[in-house]
>>> print(open('my_file_7.cif').read())   # mmCIF, N, CA and C atoms
data_coords
loop_
_atom_site.group_PDB
_atom_site.id
_atom_site.type_symbol
_atom_site.label_atom_id
_atom_site.label_comp_id
_atom_site.auth_asym_id
_atom_site.auth_seq_id
_atom_site.Cartn_x
_atom_site.Cartn_y
_atom_site.Cartn_z
ATOM 1 N N MET A 1 111.905 117.388 106.838
ATOM 2 C CA MET A 1 110.747 116.505 106.907
ATOM 3 C C MET A 1 110.161 116.331 105.505
ATOM 4 N N GLU A 2 109.878 115.104 105.148
ATOM 5 C CA GLU A 2 109.330 114.796 103.827
ATOM 6 C C GLU A 2 107.826 115.054 103.836
ATOM 7 N N THR A 3 107.334 115.715 102.793
ATOM 8 C CA THR A 3 105.890 115.952 102.705
ATOM 9 C C THR A 3 105.231 114.787 101.996
ATOM 10 N N TYR A 4 103.920 114.694 102.160
ATOM 11 C CA TYR A 4 103.187 113.627 101.483
ATOM 12 C C TYR A 4 103.326 113.724 99.979
ATOM 13 N N GLU A 5 103.464 114.961 99.466
ATOM 14 C CA GLU A 5 103.581 115.150 98.024
ATOM 15 C C GLU A 5 104.788 114.427 97.453
ATOM 16 N N HIS A 6 105.830 114.227 98.264
ATOM 17 C CA HIS A 6 107.054 113.598 97.790
ATOM 18 C C HIS A 6 107.163 112.138 98.220
ATOM 19 N N ASP A 7 106.097 111.595 98.770
ATOM 20 C CA ASP A 7 106.079 110.220 99.254
ATOM 21 C C ASP A 7 105.591 109.291 98.135
ATOM 22 N N VAL A 8 106.422 108.296 97.770
ATOM 23 C CA VAL A 8 106.038 107.403 96.675
ATOM 24 C C VAL A 8 104.769 106.624 96.985
ATOM 25 N N TRP A 9 104.573 106.260 98.243
ATOM 26 C CA TRP A 9 103.380 105.492 98.605
ATOM 27 C C TRP A 9 102.131 106.353 98.495
ATOM 28 N N PHE A 10 102.230 107.620 98.891
ATOM 29 C CA PHE A 10 101.110 108.544 98.713
ATOM 30 C C PHE A 10 100.833 108.729 97.228
ATOM 31 N N ALA A 11 101.890 108.940 96.455
ATOM 32 C CA ALA A 11 101.737 109.179 95.020
ATOM 33 C C ALA A 11 101.044 108.012 94.332
ATOM 34 N N LEU A 12 101.400 106.797 94.702
ATOM 35 C CA LEU A 12 100.803 105.621 94.061
ATOM 36 C C LEU A 12 99.504 105.176 94.718
ATOM 37 N N GLY A 13 99.118 105.847 95.794
ATOM 38 C CA GLY A 13 97.879 105.497 96.491
ATOM 39 C C GLY A 13 96.624 105.891 95.715
ATOM 40 N N ASP A 14 96.766 106.825 94.812
ATOM 41 C CA ASP A 14 95.634 107.267 94.011
ATOM 42 C C ASP A 14 95.504 106.368 92.778
ATOM 43 N N PRO A 15 94.316 105.818 92.511
ATOM 44 C CA PRO A 15 94.158 104.898 91.376
ATOM 45 C C PRO A 15 94.504 105.525 90.026
ATOM 46 N N THR A 16 94.186 106.787 89.828
ATOM 47 C CA THR A 16 94.509 107.427 88.551
ATOM 48 C C THR A 16 96.013 107.571 88.389
ATOM 49 N N ARG A 17 96.708 107.993 89.461
ATOM 50 C CA ARG A 17 98.169 108.109 89.373
ATOM 51 C C ARG A 17 98.809 106.754 89.152
ATOM 52 N N ARG A 18 98.258 105.726 89.791
ATOM 53 C CA ARG A 18 98.795 104.377 89.588
ATOM 54 C C ARG A 18 98.615 103.948 88.135
ATOM 55 N N ALA A 19 97.461 104.259 87.552
ATOM 56 C CA ALA A 19 97.207 103.921 86.143
ATOM 57 C C ALA A 19 98.171 104.669 85.227
ATOM 58 N N ILE A 20 98.423 105.934 85.527
ATOM 59 C CA ILE A 20 99.376 106.716 84.736
ATOM 60 C C ILE A 20 100.764 106.104 84.854
ATOM 61 N N PHE A 21 101.169 105.779 86.070
ATOM 62 C CA PHE A 21 102.489 105.188 86.296
ATOM 63 C C PHE A 21 102.623 103.859 85.548
ATOM 64 N N GLU A 22 101.584 103.038 85.584
ATOM 65 C CA GLU A 22 101.623 101.748 84.887
ATOM 66 C C GLU A 22 101.737 101.951 83.379
ATOM 67 N N ARG A 23 101.035 102.941 82.833
ATOM 68 C CA ARG A 23 101.143 103.211 81.386
ATOM 69 C C ARG A 23 102.534 103.687 81.023
ATOM 70 N N LEU A 24 103.127 104.519 81.894
ATOM 71 C CA LEU A 24 104.485 105.003 81.621
ATOM 72 C C LEU A 24 105.512 103.886 81.765
ATOM 73 N N ALA A 25 105.219 102.900 82.580
ATOM 74 C CA ALA A 25 106.123 101.753 82.711
ATOM 75 C C ALA A 25 106.153 100.952 81.412
ATOM 76 N N GLU A 26 105.063 100.995 80.657
ATOM 77 C CA GLU A 26 105.008 100.304 79.360
ATOM 78 C C GLU A 26 105.774 101.071 78.291
ATOM 79 N N SER A 27 105.594 102.404 78.265
ATOM 80 C CA SER A 27 106.316 103.233 77.293
ATOM 81 C C SER A 27 106.155 104.706 77.657
ATOM 82 N N PRO A 28 107.150 105.510 77.312
ATOM 83 C CA PRO A 28 107.053 106.955 77.557
ATOM 84 C C PRO A 28 105.887 107.551 76.774
ATOM 85 N N CYS A 29 105.253 108.589 77.339
ATOM 86 C CA CYS A 29 104.092 109.218 76.706
ATOM 87 C C CYS A 29 104.052 110.702 77.009
ATOM 88 N N ALA A 30 103.341 111.422 76.151
ATOM 89 C CA ALA A 30 103.018 112.824 76.400
ATOM 90 C C ALA A 30 101.695 112.887 77.164
ATOM 91 N N VAL A 31 101.406 114.037 77.737
ATOM 92 C CA VAL A 31 100.178 114.209 78.523
ATOM 93 C C VAL A 31 98.946 113.870 77.696
ATOM 94 N N GLY A 32 98.901 114.340 76.460
ATOM 95 C CA GLY A 32 97.739 114.080 75.607
ATOM 96 C C GLY A 32 97.501 112.603 75.371
ATOM 97 N N GLU A 33 98.567 111.863 75.169
ATOM 98 C CA GLU A 33 98.438 110.411 74.970
ATOM 99 C C GLU A 33 97.914 109.737 76.234
ATOM 100 N N LEU A 34 98.417 110.171 77.377
ATOM 101 C CA LEU A 34 97.959 109.599 78.645
ATOM 102 C C LEU A 34 96.493 109.930 78.888
ATOM 103 N N ALA A 35 96.116 111.174 78.671
ATOM 104 C CA ALA A 35 94.737 111.615 78.920
ATOM 105 C C ALA A 35 93.748 110.915 78.004
ATOM 106 N N GLY A 36 94.193 110.549 76.797
ATOM 107 C CA GLY A 36 93.306 109.880 75.851
ATOM 108 C C GLY A 36 92.760 108.559 76.359
ATOM 109 N N GLY A 37 93.476 107.887 77.228
ATOM 110 C CA GLY A 37 93.029 106.590 77.724
ATOM 111 C C GLY A 37 92.505 106.620 79.142
ATOM 112 N N LEU A 38 92.304 107.828 79.687
ATOM 113 C CA LEU A 38 91.852 107.944 81.081
ATOM 114 C C LEU A 38 90.575 108.776 81.168
ATOM 115 N N PRO A 39 89.761 108.544 82.194
ATOM 116 C CA PRO A 39 88.517 109.302 82.338
ATOM 117 C C PRO A 39 88.711 110.645 83.045
ATOM 118 N N VAL A 40 89.879 111.278 82.843
ATOM 119 C CA VAL A 40 90.152 112.587 83.441
ATOM 120 C C VAL A 40 90.695 113.519 82.362
ATOM 121 N N SER A 41 90.650 114.810 82.648
ATOM 122 C CA SER A 41 91.089 115.811 81.676
ATOM 123 C C SER A 41 92.610 115.890 81.587
ATOM 124 N N ARG A 42 93.089 116.552 80.538
ATOM 125 C CA ARG A 42 94.536 116.762 80.389
ATOM 126 C C ARG A 42 95.110 117.547 81.563
ATOM 127 N N PRO A 43 94.437 118.610 82.034
ATOM 128 C CA PRO A 43 94.978 119.323 83.191
ATOM 129 C C PRO A 43 95.066 118.426 84.439
ATOM 130 N N ALA A 44 94.090 117.527 84.607
ATOM 131 C CA ALA A 44 94.129 116.611 85.746
ATOM 132 C C ALA A 44 95.305 115.649 85.609
ATOM 133 N N VAL A 45 95.559 115.142 84.405
ATOM 134 C CA VAL A 45 96.701 114.258 84.164
ATOM 135 C C VAL A 45 97.989 115.006 84.487
ATOM 136 N N SER A 46 98.069 116.274 84.084
ATOM 137 C CA SER A 46 99.257 117.081 84.379
ATOM 138 C C SER A 46 99.473 117.208 85.880
ATOM 139 N N GLN A 47 98.400 117.399 86.630
ATOM 140 C CA GLN A 47 98.531 117.504 88.086
ATOM 141 C C GLN A 47 98.984 116.174 88.692
ATOM 142 N N HIS A 48 98.460 115.074 88.193
ATOM 143 C CA HIS A 48 98.895 113.759 88.677
ATOM 144 C C HIS A 48 100.372 113.526 88.349
ATOM 145 N N LEU A 49 100.782 113.936 87.152
ATOM 146 C CA LEU A 49 102.192 113.797 86.773
ATOM 147 C C LEU A 49 103.091 114.648 87.660
ATOM 148 N N LYS A 50 102.604 115.805 88.071
ATOM 149 C CA LYS A 50 103.374 116.672 88.977
ATOM 150 C C LYS A 50 103.634 115.962 90.309
ATOM 151 N N VAL A 51 102.633 115.269 90.823
ATOM 152 C CA VAL A 51 102.801 114.526 92.077
ATOM 153 C C VAL A 51 103.778 113.369 91.878
ATOM 154 N N LEU A 52 103.614 112.623 90.789
ATOM 155 C CA LEU A 52 104.526 111.506 90.502
ATOM 156 C C LEU A 52 105.964 111.999 90.317
ATOM 157 N N LYS A 53 106.106 113.135 89.666
ATOM 158 C CA LYS A 53 107.438 113.706 89.463
ATOM 159 C C LYS A 53 108.024 114.172 90.801
ATOM 160 N N GLY A 54 107.209 114.793 91.632
ATOM 161 C CA GLY A 54 107.650 115.233 92.952
ATOM 162 C C GLY A 54 108.095 114.075 93.834
ATOM 163 N N ALA A 55 107.495 112.915 93.618
ATOM 164 C CA ALA A 55 107.859 111.721 94.382
ATOM 165 C C ALA A 55 109.072 111.013 93.784
ATOM 166 N N GLY A 56 109.564 111.524 92.658
ATOM 167 C CA GLY A 56 110.738 110.926 92.029
ATOM 168 C C GLY A 56 110.439 109.685 91.215
ATOM 169 N N LEU A 57 109.170 109.473 90.879
ATOM 170 C CA LEU A 57 108.791 108.267 90.142
ATOM 171 C C LEU A 57 108.801 108.451 88.634
ATOM 172 N N VAL A 58 108.638 109.686 88.165
ATOM 173 C CA VAL A 58 108.681 109.950 86.731
ATOM 174 C C VAL A 58 109.579 111.151 86.460
ATOM 175 N N THR A 59 110.018 111.238 85.237
ATOM 176 C CA THR A 59 110.807 112.362 84.761
ATOM 177 C C THR A 59 110.249 112.768 83.414
ATOM 178 N N ASP A 60 110.624 113.954 82.957
ATOM 179 C CA ASP A 60 110.128 114.409 81.664
ATOM 180 C C ASP A 60 111.234 115.102 80.900
ATOM 181 N N GLU A 61 111.028 115.171 79.585
ATOM 182 C CA GLU A 61 111.957 115.917 78.742
ATOM 183 C C GLU A 61 111.164 116.556 77.615
ATOM 184 N N ARG A 62 111.632 117.698 77.206
ATOM 185 C CA ARG A 62 110.960 118.423 76.141
ATOM 186 C C ARG A 62 111.262 117.779 74.798
ATOM 187 N N ALA A 63 110.210 117.641 73.991
ATOM 188 C CA ALA A 63 110.331 117.129 72.623
ATOM 189 C C ALA A 63 109.467 118.041 71.748
ATOM 190 N N GLY A 64 110.078 119.082 71.205
ATOM 191 C CA GLY A 64 109.308 120.064 70.447
ATOM 192 C C GLY A 64 108.443 120.867 71.397
ATOM 193 N N ASN A 65 107.143 120.901 71.140
ATOM 194 C CA ASN A 65 106.238 121.632 72.022
ATOM 195 C C ASN A 65 105.546 120.722 73.041
ATOM 196 N N ARG A 66 106.013 119.505 73.153
ATOM 197 C CA ARG A 66 105.436 118.544 74.108
ATOM 198 C C ARG A 66 106.473 118.146 75.146
ATOM 199 N N ARG A 67 105.994 117.581 76.217
ATOM 200 C CA ARG A 67 106.855 116.984 77.221
ATOM 201 C C ARG A 67 106.563 115.495 77.217
ATOM 202 N N ILE A 68 107.613 114.710 77.156
ATOM 203 C CA ILE A 68 107.476 113.253 77.175
ATOM 204 C C ILE A 68 107.836 112.780 78.582
ATOM 205 N N TYR A 69 106.926 112.049 79.191
ATOM 206 C CA TYR A 69 107.124 111.528 80.551
ATOM 207 C C TYR A 69 107.513 110.063 80.479
ATOM 208 N N ARG A 70 108.366 109.666 81.411
ATOM 209 C CA ARG A 70 108.795 108.268 81.499
ATOM 210 C C ARG A 70 109.070 107.933 82.955
ATOM 211 N N VAL A 71 109.098 106.657 83.251
ATOM 212 C CA VAL A 71 109.409 106.209 84.610
ATOM 213 C C VAL A 71 110.866 106.546 84.915
ATOM 214 N N GLU A 72 111.102 107.061 86.107
ATOM 215 C CA GLU A 72 112.455 107.392 86.565
ATOM 216 C C GLU A 72 113.070 106.132 87.184
ATOM 217 N N PRO A 73 114.115 105.557 86.581
ATOM 218 C CA PRO A 73 114.695 104.313 87.089
ATOM 219 C C PRO A 73 115.138 104.385 88.553
ATOM 220 N N ALA A 74 115.694 105.513 88.977
ATOM 221 C CA ALA A 74 116.136 105.634 90.378
ATOM 222 C C ALA A 74 114.945 105.611 91.329
ATOM 223 N N GLY A 75 113.847 106.254 90.937
ATOM 224 C CA GLY A 75 112.637 106.232 91.767
ATOM 225 C C GLY A 75 112.044 104.850 91.853
ATOM 226 N N LEU A 76 112.059 104.139 90.736
ATOM 227 C CA LEU A 76 111.558 102.766 90.718
ATOM 228 C C LEU A 76 112.438 101.860 91.572
ATOM 229 N N ALA A 77 113.749 102.085 91.533
ATOM 230 C CA ALA A 77 114.675 101.297 92.354
ATOM 231 C C ALA A 77 114.426 101.544 93.845
ATOM 232 N N ALA A 78 114.155 102.800 94.212
ATOM 233 C CA ALA A 78 113.871 103.111 95.614
ATOM 234 C C ALA A 78 112.575 102.440 96.065
ATOM 235 N N LEU A 79 111.580 102.441 95.195
ATOM 236 C CA LEU A 79 110.317 101.765 95.501
ATOM 237 C C LEU A 79 110.547 100.273 95.677
ATOM 238 N N ARG A 80 111.338 99.692 94.802
ATOM 239 C CA ARG A 80 111.663 98.269 94.885
ATOM 240 C C ARG A 80 112.408 97.947 96.182
ATOM 241 N N ALA A 81 113.320 98.826 96.591
ATOM 242 C CA ALA A 81 114.071 98.630 97.840
ATOM 243 C C ALA A 81 113.118 98.641 99.036
ATOM 244 N N ASP A 82 112.132 99.541 99.028
ATOM 245 C CA ASP A 82 111.137 99.559 100.105
ATOM 246 C C ASP A 82 110.371 98.243 100.146
ATOM 247 N N LEU A 83 109.924 97.781 98.987
ATOM 248 C CA LEU A 83 109.167 96.524 98.934
ATOM 249 C C LEU A 83 110.028 95.341 99.387
ATOM 250 N N ASP A 84 111.284 95.326 98.973
ATOM 251 C CA ASP A 84 112.188 94.252 99.393
ATOM 252 C C ASP A 84 112.378 94.262 100.906
ATOM 253 N N ARG A 85 112.478 95.466 101.483
ATOM 254 C CA ARG A 85 112.641 95.580 102.938
ATOM 255 C C ARG A 85 111.414 95.030 103.661
ATOM 256 N N PHE A 86 110.217 95.385 103.183
ATOM 257 C CA PHE A 86 108.989 94.870 103.803
ATOM 258 C C PHE A 86 108.902 93.352 103.646
ATOM 259 N N TRP A 87 109.228 92.853 102.475
ATOM 260 C CA TRP A 87 109.162 91.427 102.209
ATOM 261 C C TRP A 87 110.157 90.673 103.090
ATOM 262 N N ALA A 88 111.365 91.196 103.230
ATOM 263 C CA ALA A 88 112.380 90.553 104.076
ATOM 264 C C ALA A 88 111.897 90.495 105.519
ATOM 265 N N GLY A 89 111.262 91.558 105.988
ATOM 266 C CA GLY A 89 110.724 91.572 107.352
ATOM 267 C C GLY A 89 109.622 90.540 107.541
ATOM 268 N N ALA A 90 108.744 90.433 106.550
ATOM 269 C CA ALA A 90 107.651 89.458 106.631
ATOM 270 C C ALA A 90 108.191 88.035 106.626
ATOM 271 N N LEU A 91 109.192 87.769 105.788
ATOM 272 C CA LEU A 91 109.783 86.428 105.739
ATOM 273 C C LEU A 91 110.501 86.093 107.037
ATOM 274 N N SER A 92 111.176 87.069 107.610
ATOM 275 C CA SER A 92 111.876 86.847 108.871
ATOM 276 C C SER A 92 110.888 86.530 109.992
ATOM 277 N N ALA A 93 109.780 87.262 110.048
ATOM 278 C CA ALA A 93 108.755 87.005 111.062
ATOM 279 C C ALA A 93 108.139 85.622 110.867
ATOM 280 N N TYR A 94 107.902 85.230 109.627
ATOM 281 C CA TYR A 94 107.350 83.913 109.341
ATOM 282 C C TYR A 94 108.324 82.811 109.770
ATOM 283 N N LYS A 95 109.606 83.013 109.488
ATOM 284 C CA LYS A 95 110.626 82.028 109.864
ATOM 285 C C LYS A 95 110.661 81.853 111.377
ATOM 286 N N THR A 96 110.582 82.958 112.105
ATOM 287 C CA THR A 96 110.593 82.905 113.567
ATOM 288 C C THR A 96 109.400 82.103 114.072
ATOM 289 N N LEU A 97 108.233 82.356 113.525
ATOM 290 C CA LEU A 97 107.031 81.613 113.936
ATOM 291 C C LEU A 97 107.124 80.139 113.560
ATOM 292 N N ALA A 98 107.618 79.856 112.379
ATOM 293 C CA ALA A 98 107.691 78.474 111.904
ATOM 294 C C ALA A 98 108.679 77.648 112.728
ATOM 295 N N GLU A 99 109.698 78.287 113.259
ATOM 296 C CA GLU A 99 110.720 77.566 114.012
ATOM 297 C C GLU A 99 110.366 77.399 115.489
ATOM 298 N N GLN A 100 109.290 78.007 115.947
ATOM 299 C CA GLN A 100 108.887 77.853 117.344
ATOM 300 C C GLN A 100 108.279 76.470 117.542
ATOM 301 N N PRO A 101 108.580 75.852 118.694
ATOM 302 C CA PRO A 101 107.951 74.549 118.960
ATOM 303 C C PRO A 101 106.453 74.718 119.146
ATOM 304 N N PRO A 102 105.704 73.678 118.796
ATOM 305 C CA PRO A 102 104.241 73.787 118.952
ATOM 306 C C PRO A 102 103.872 73.981 120.426
ATOM 307 N N ALA A 103 102.829 74.759 120.647
ATOM 308 C CA ALA A 103 102.361 75.008 122.014
ATOM 309 C C ALA A 103 101.731 73.731 122.580
ATOM 310 N N GLN A 104 101.973 73.488 123.868
ATOM 311 C CA GLN A 104 101.390 72.325 124.541
ATOM 312 C C GLN A 104 99.928 72.622 124.869
ATOM 313 N N GLU A 105 99.074 71.648 124.622
ATOM 314 C CA GLU A 105 97.663 71.803 124.949
ATOM 315 C C GLU A 105 97.459 71.530 126.415
ATOM 316 N N ALA A 106 96.548 72.289 127.034
ATOM 317 C CA ALA A 106 96.227 72.088 128.462
ATOM 318 C C ALA A 106 95.382 70.824 128.615
ATOM 319 N N PRO A 107 95.598 70.037 129.717
ATOM 320 C CA PRO A 107 94.812 68.804 129.899
ATOM 321 C C PRO A 107 93.376 69.036 130.236
#
>>> encode(input="my_file_7.cif", output="structure tokens")
Amino acid sequence: METYEHDVWFALGDPTRRAIFERLAESPCAVGELAGGLPVSRPAVSQHLKVLKGAGLVTDERAGNRRIYRVEPAGLAALRADLDRFWAGALSAYKTLAEQPPAQEAP
């Protein structure tokens, strides 16, 4: 059973985590760089990164005494596949409705 901690939708449901993810989508960053532009502490950013990493959305690598975080392409692809599935379902439902004959009005 998958826990909420590993759920991409849960991970991105928090505005701070979403902001961190969006910044990492622009370019890889260390925790200090991320915390500098957010109204939360470095330890809080680290905790948010832990959730994003647990959900498979980010990865990190050591660079000297820092860790550089970046978006995980496989996690982003899985998120995109979920969105495509929802979009395909919505389009299919719309097509079904659009192709139905108009309802007859009662006299």
>>> atom_distance(input="my_file_7.cif", atom1="CA of Ala77 in chain A", atom2="CA of Glu22 in chain A")
15.0 Å
>>> residues_around(input="my_file_7.cif", residues="range 38-54 of chain A", least_positions_apart="5", cutoff="12 Å", atoms="only C-alpha atoms", output="mmCIF file with N, CA and C atoms, in the frame of the given file")
data_model
loop_
_atom_site.group_PDB
_atom_site.id
_atom_site.type_symbol
_atom_site.label_atom_id
_atom_site.label_comp_id
_atom_site.auth_asym_id
_atom_site.auth_seq_id
_atom_site.Cartn_x
_atom_site.Cartn_y
_atom_site.Cartn_z
ATOM 1 N N GLU A 2 109.878 115.104 105.148
ATOM 2 C CA GLU A 2 109.330 114.796 103.827
ATOM 3 C C GLU A 2 107.826 115.054 103.836
ATOM 4 N N THR A 3 107.334 115.715 102.793
ATOM 5 C CA THR A 3 105.890 115.952 102.705
ATOM 6 C C THR A 3 105.231 114.787 101.996
ATOM 7 N N TYR A 4 103.920 114.694 102.160
ATOM 8 C CA TYR A 4 103.187 113.627 101.483
ATOM 9 C C TYR A 4 103.326 113.724 99.979
ATOM 10 N N GLU A 5 103.464 114.961 99.466
ATOM 11 C CA GLU A 5 103.581 115.150 98.024
ATOM 12 C C GLU A 5 104.788 114.427 97.453
ATOM 13 N N HIS A 6 105.830 114.227 98.264
ATOM 14 C CA HIS A 6 107.054 113.598 97.790
ATOM 15 C C HIS A 6 107.163 112.138 98.220
ATOM 16 N N ASP A 7 106.097 111.595 98.770
ATOM 17 C CA ASP A 7 106.079 110.220 99.254
ATOM 18 C C ASP A 7 105.591 109.291 98.135
ATOM 19 N N VAL A 8 106.422 108.296 97.770
ATOM 20 C CA VAL A 8 106.038 107.403 96.675
ATOM 21 C C VAL A 8 104.769 106.624 96.985
ATOM 22 N N TRP A 9 104.573 106.260 98.243
ATOM 23 C CA TRP A 9 103.380 105.492 98.605
ATOM 24 C C TRP A 9 102.131 106.353 98.495
ATOM 25 N N PHE A 10 102.230 107.620 98.891
ATOM 26 C CA PHE A 10 101.110 108.544 98.713
ATOM 27 C C PHE A 10 100.833 108.729 97.228
ATOM 28 N N ALA A 11 101.890 108.940 96.455
ATOM 29 C CA ALA A 11 101.737 109.179 95.020
ATOM 30 C C ALA A 11 101.044 108.012 94.332
ATOM 31 N N LEU A 12 101.400 106.797 94.702
ATOM 32 C CA LEU A 12 100.803 105.621 94.061
ATOM 33 C C LEU A 12 99.504 105.176 94.718
ATOM 34 N N GLY A 13 99.118 105.847 95.794
ATOM 35 C CA GLY A 13 97.879 105.497 96.491
ATOM 36 C C GLY A 13 96.624 105.891 95.715
ATOM 37 N N ASP A 14 96.766 106.825 94.812
ATOM 38 C CA ASP A 14 95.634 107.267 94.011
ATOM 39 C C ASP A 14 95.504 106.368 92.778
ATOM 40 N N PRO A 15 94.316 105.818 92.511
ATOM 41 C CA PRO A 15 94.158 104.898 91.376
ATOM 42 C C PRO A 15 94.504 105.525 90.026
ATOM 43 N N THR A 16 94.186 106.787 89.828
ATOM 44 C CA THR A 16 94.509 107.427 88.551
ATOM 45 C C THR A 16 96.013 107.571 88.389
ATOM 46 N N ARG A 17 96.708 107.993 89.461
ATOM 47 C CA ARG A 17 98.169 108.109 89.373
ATOM 48 C C ARG A 17 98.809 106.754 89.152
ATOM 49 N N ARG A 18 98.258 105.726 89.791
ATOM 50 C CA ARG A 18 98.795 104.377 89.588
ATOM 51 C C ARG A 18 98.615 103.948 88.135
ATOM 52 N N ALA A 19 97.461 104.259 87.552
ATOM 53 C CA ALA A 19 97.207 103.921 86.143
ATOM 54 C C ALA A 19 98.171 104.669 85.227
ATOM 55 N N ILE A 20 98.423 105.934 85.527
ATOM 56 C CA ILE A 20 99.376 106.716 84.736
ATOM 57 C C ILE A 20 100.764 106.104 84.854
ATOM 58 N N PHE A 21 101.169 105.779 86.070
ATOM 59 C CA PHE A 21 102.489 105.188 86.296
ATOM 60 C C PHE A 21 102.623 103.859 85.548
ATOM 61 N N GLU A 22 101.584 103.038 85.584
ATOM 62 C CA GLU A 22 101.623 101.748 84.887
ATOM 63 C C GLU A 22 101.737 101.951 83.379
ATOM 64 N N ARG A 23 101.035 102.941 82.833
ATOM 65 C CA ARG A 23 101.143 103.211 81.386
ATOM 66 C C ARG A 23 102.534 103.687 81.023
ATOM 67 N N LEU A 24 103.127 104.519 81.894
ATOM 68 C CA LEU A 24 104.485 105.003 81.621
ATOM 69 C C LEU A 24 105.512 103.886 81.765
ATOM 70 N N CYS A 29 105.253 108.589 77.339
ATOM 71 C CA CYS A 29 104.092 109.218 76.706
ATOM 72 C C CYS A 29 104.052 110.702 77.009
ATOM 73 N N ALA A 30 103.341 111.422 76.151
ATOM 74 C CA ALA A 30 103.018 112.824 76.400
ATOM 75 C C ALA A 30 101.695 112.887 77.164
ATOM 76 N N VAL A 31 101.406 114.037 77.737
ATOM 77 C CA VAL A 31 100.178 114.209 78.523
ATOM 78 C C VAL A 31 98.946 113.870 77.696
ATOM 79 N N GLY A 32 98.901 114.340 76.460
ATOM 80 C CA GLY A 32 97.739 114.080 75.607
ATOM 81 C C GLY A 32 97.501 112.603 75.371
ATOM 82 N N GLU A 33 98.567 111.863 75.169
ATOM 83 C CA GLU A 33 98.438 110.411 74.970
ATOM 84 C C GLU A 33 97.914 109.737 76.234
ATOM 85 N N THR A 59 110.018 111.238 85.237
ATOM 86 C CA THR A 59 110.807 112.362 84.761
ATOM 87 C C THR A 59 110.249 112.768 83.414
ATOM 88 N N ASP A 60 110.624 113.954 82.957
ATOM 89 C CA ASP A 60 110.128 114.409 81.664
ATOM 90 C C ASP A 60 111.234 115.102 80.900
ATOM 91 N N GLU A 61 111.028 115.171 79.585
ATOM 92 C CA GLU A 61 111.957 115.917 78.742
ATOM 93 C C GLU A 61 111.164 116.556 77.615
ATOM 94 N N ARG A 67 105.994 117.581 76.217
ATOM 95 C CA ARG A 67 106.855 116.984 77.221
ATOM 96 C C ARG A 67 106.563 115.495 77.217
ATOM 97 N N ILE A 68 107.613 114.710 77.156
ATOM 98 C CA ILE A 68 107.476 113.253 77.175
ATOM 99 C C ILE A 68 107.836 112.780 78.582
ATOM 100 N N TYR A 69 106.926 112.049 79.191
ATOM 101 C CA TYR A 69 107.124 111.528 80.551
ATOM 102 C C TYR A 69 107.513 110.063 80.479
ATOM 103 N N ARG A 70 108.366 109.666 81.411
ATOM 104 C CA ARG A 70 108.795 108.268 81.499
ATOM 105 C C ARG A 70 109.070 107.933 82.955
ATOM 106 N N VAL A 71 109.098 106.657 83.251
ATOM 107 C CA VAL A 71 109.409 106.209 84.610
ATOM 108 C C VAL A 71 110.866 106.546 84.915
ATOM 109 N N GLU A 72 111.102 107.061 86.107
ATOM 110 C CA GLU A 72 112.455 107.392 86.565
ATOM 111 C C GLU A 72 113.070 106.132 87.184
ATOM 112 N N ALA A 74 115.694 105.513 88.977
ATOM 113 C CA ALA A 74 116.136 105.634 90.378
ATOM 114 C C ALA A 74 114.945 105.611 91.329
ATOM 115 N N GLY A 75 113.847 106.254 90.937
ATOM 116 C CA GLY A 75 112.637 106.232 91.767
ATOM 117 C C GLY A 75 112.044 104.850 91.853
ATOM 118 N N LEU A 76 112.059 104.139 90.736
ATOM 119 C CA LEU A 76 111.558 102.766 90.718
ATOM 120 C C LEU A 76 112.438 101.860 91.572
#
>>> select_by_dssp(input="my_file_7.cif", residues="chain A", states="strand (DSSP E or B)", output="ChimeraX atom specification")
/A:29-30,58-63,66-71
>>> axis_aligned_box(input="my_file_7.cif", around="range 45-60 of chain A", padding_each_side="3 Å", output="JSON")
{"center_x": 103.4, "center_y": 112.9, "center_z": 87.6, "size_x": 21.7, "size_y": 15.2, "size_z": 19.5}
>>> decode(input="my_file_7.cif", residues="range 97-105 of chain A", atoms="N, CA and C atoms", output="PDB file, in the first residue's frame")
ATOM      1  N   LEU A  97     -20.921  13.354 -24.500  1.00  0.00           N
ATOM      2  CA  LEU A  97     -22.005  14.331 -24.311  1.00  0.00           C
ATOM      3  C   LEU A  97     -22.286  15.115 -25.588  1.00  0.00           C
ATOM      4  N   ALA A  98     -21.248  15.513 -26.283  1.00  0.00           N
ATOM      5  CA  ALA A  98     -21.414  16.323 -27.489  1.00  0.00           C
ATOM      6  C   ALA A  98     -22.100  15.535 -28.605  1.00  0.00           C
ATOM      7  N   GLU A  99     -21.909  14.235 -28.626  1.00  0.00           N
ATOM      8  CA  GLU A  99     -22.479  13.414 -29.689  1.00  0.00           C
ATOM      9  C   GLU A  99     -23.905  12.955 -29.390  1.00  0.00           C
ATOM     10  N   GLN A 100     -24.410  13.220 -28.201  1.00  0.00           N
ATOM     11  CA  GLN A 100     -25.783  12.833 -27.874  1.00  0.00           C
ATOM     12  C   GLN A 100     -26.750  13.777 -28.576  1.00  0.00           C
ATOM     13  N   PRO A 101     -27.866  13.217 -29.070  1.00  0.00           N
ATOM     14  CA  PRO A 101     -28.864  14.105 -29.686  1.00  0.00           C
ATOM     15  C   PRO A 101     -29.480  15.012 -28.635  1.00  0.00           C
ATOM     16  N   PRO A 102     -29.896  16.199 -29.065  1.00  0.00           N
ATOM     17  CA  PRO A 102     -30.499  17.123 -28.086  1.00  0.00           C
ATOM     18  C   PRO A 102     -31.775  16.518 -27.492  1.00  0.00           C
ATOM     19  N   ALA A 103     -31.999  16.809 -26.224  1.00  0.00           N
ATOM     20  CA  ALA A 103     -33.198  16.308 -25.544  1.00  0.00           C
ATOM     21  C   ALA A 103     -34.435  17.025 -26.094  1.00  0.00           C
ATOM     22  N   GLN A 104     -35.524  16.270 -26.237  1.00  0.00           N
ATOM     23  CA  GLN A 104     -36.787  16.845 -26.709  1.00  0.00           C
ATOM     24  C   GLN A 104     -37.453  17.595 -25.556  1.00  0.00           C
ATOM     25  N   GLU A 105     -37.965  18.773 -25.856  1.00  0.00           N
ATOM     26  CA  GLU A 105     -38.672  19.548 -24.846  1.00  0.00           C
ATOM     27  C   GLU A 105     -40.081  19.034 -24.721  1.00  0.00           C
TER      28      GLU A 105
END
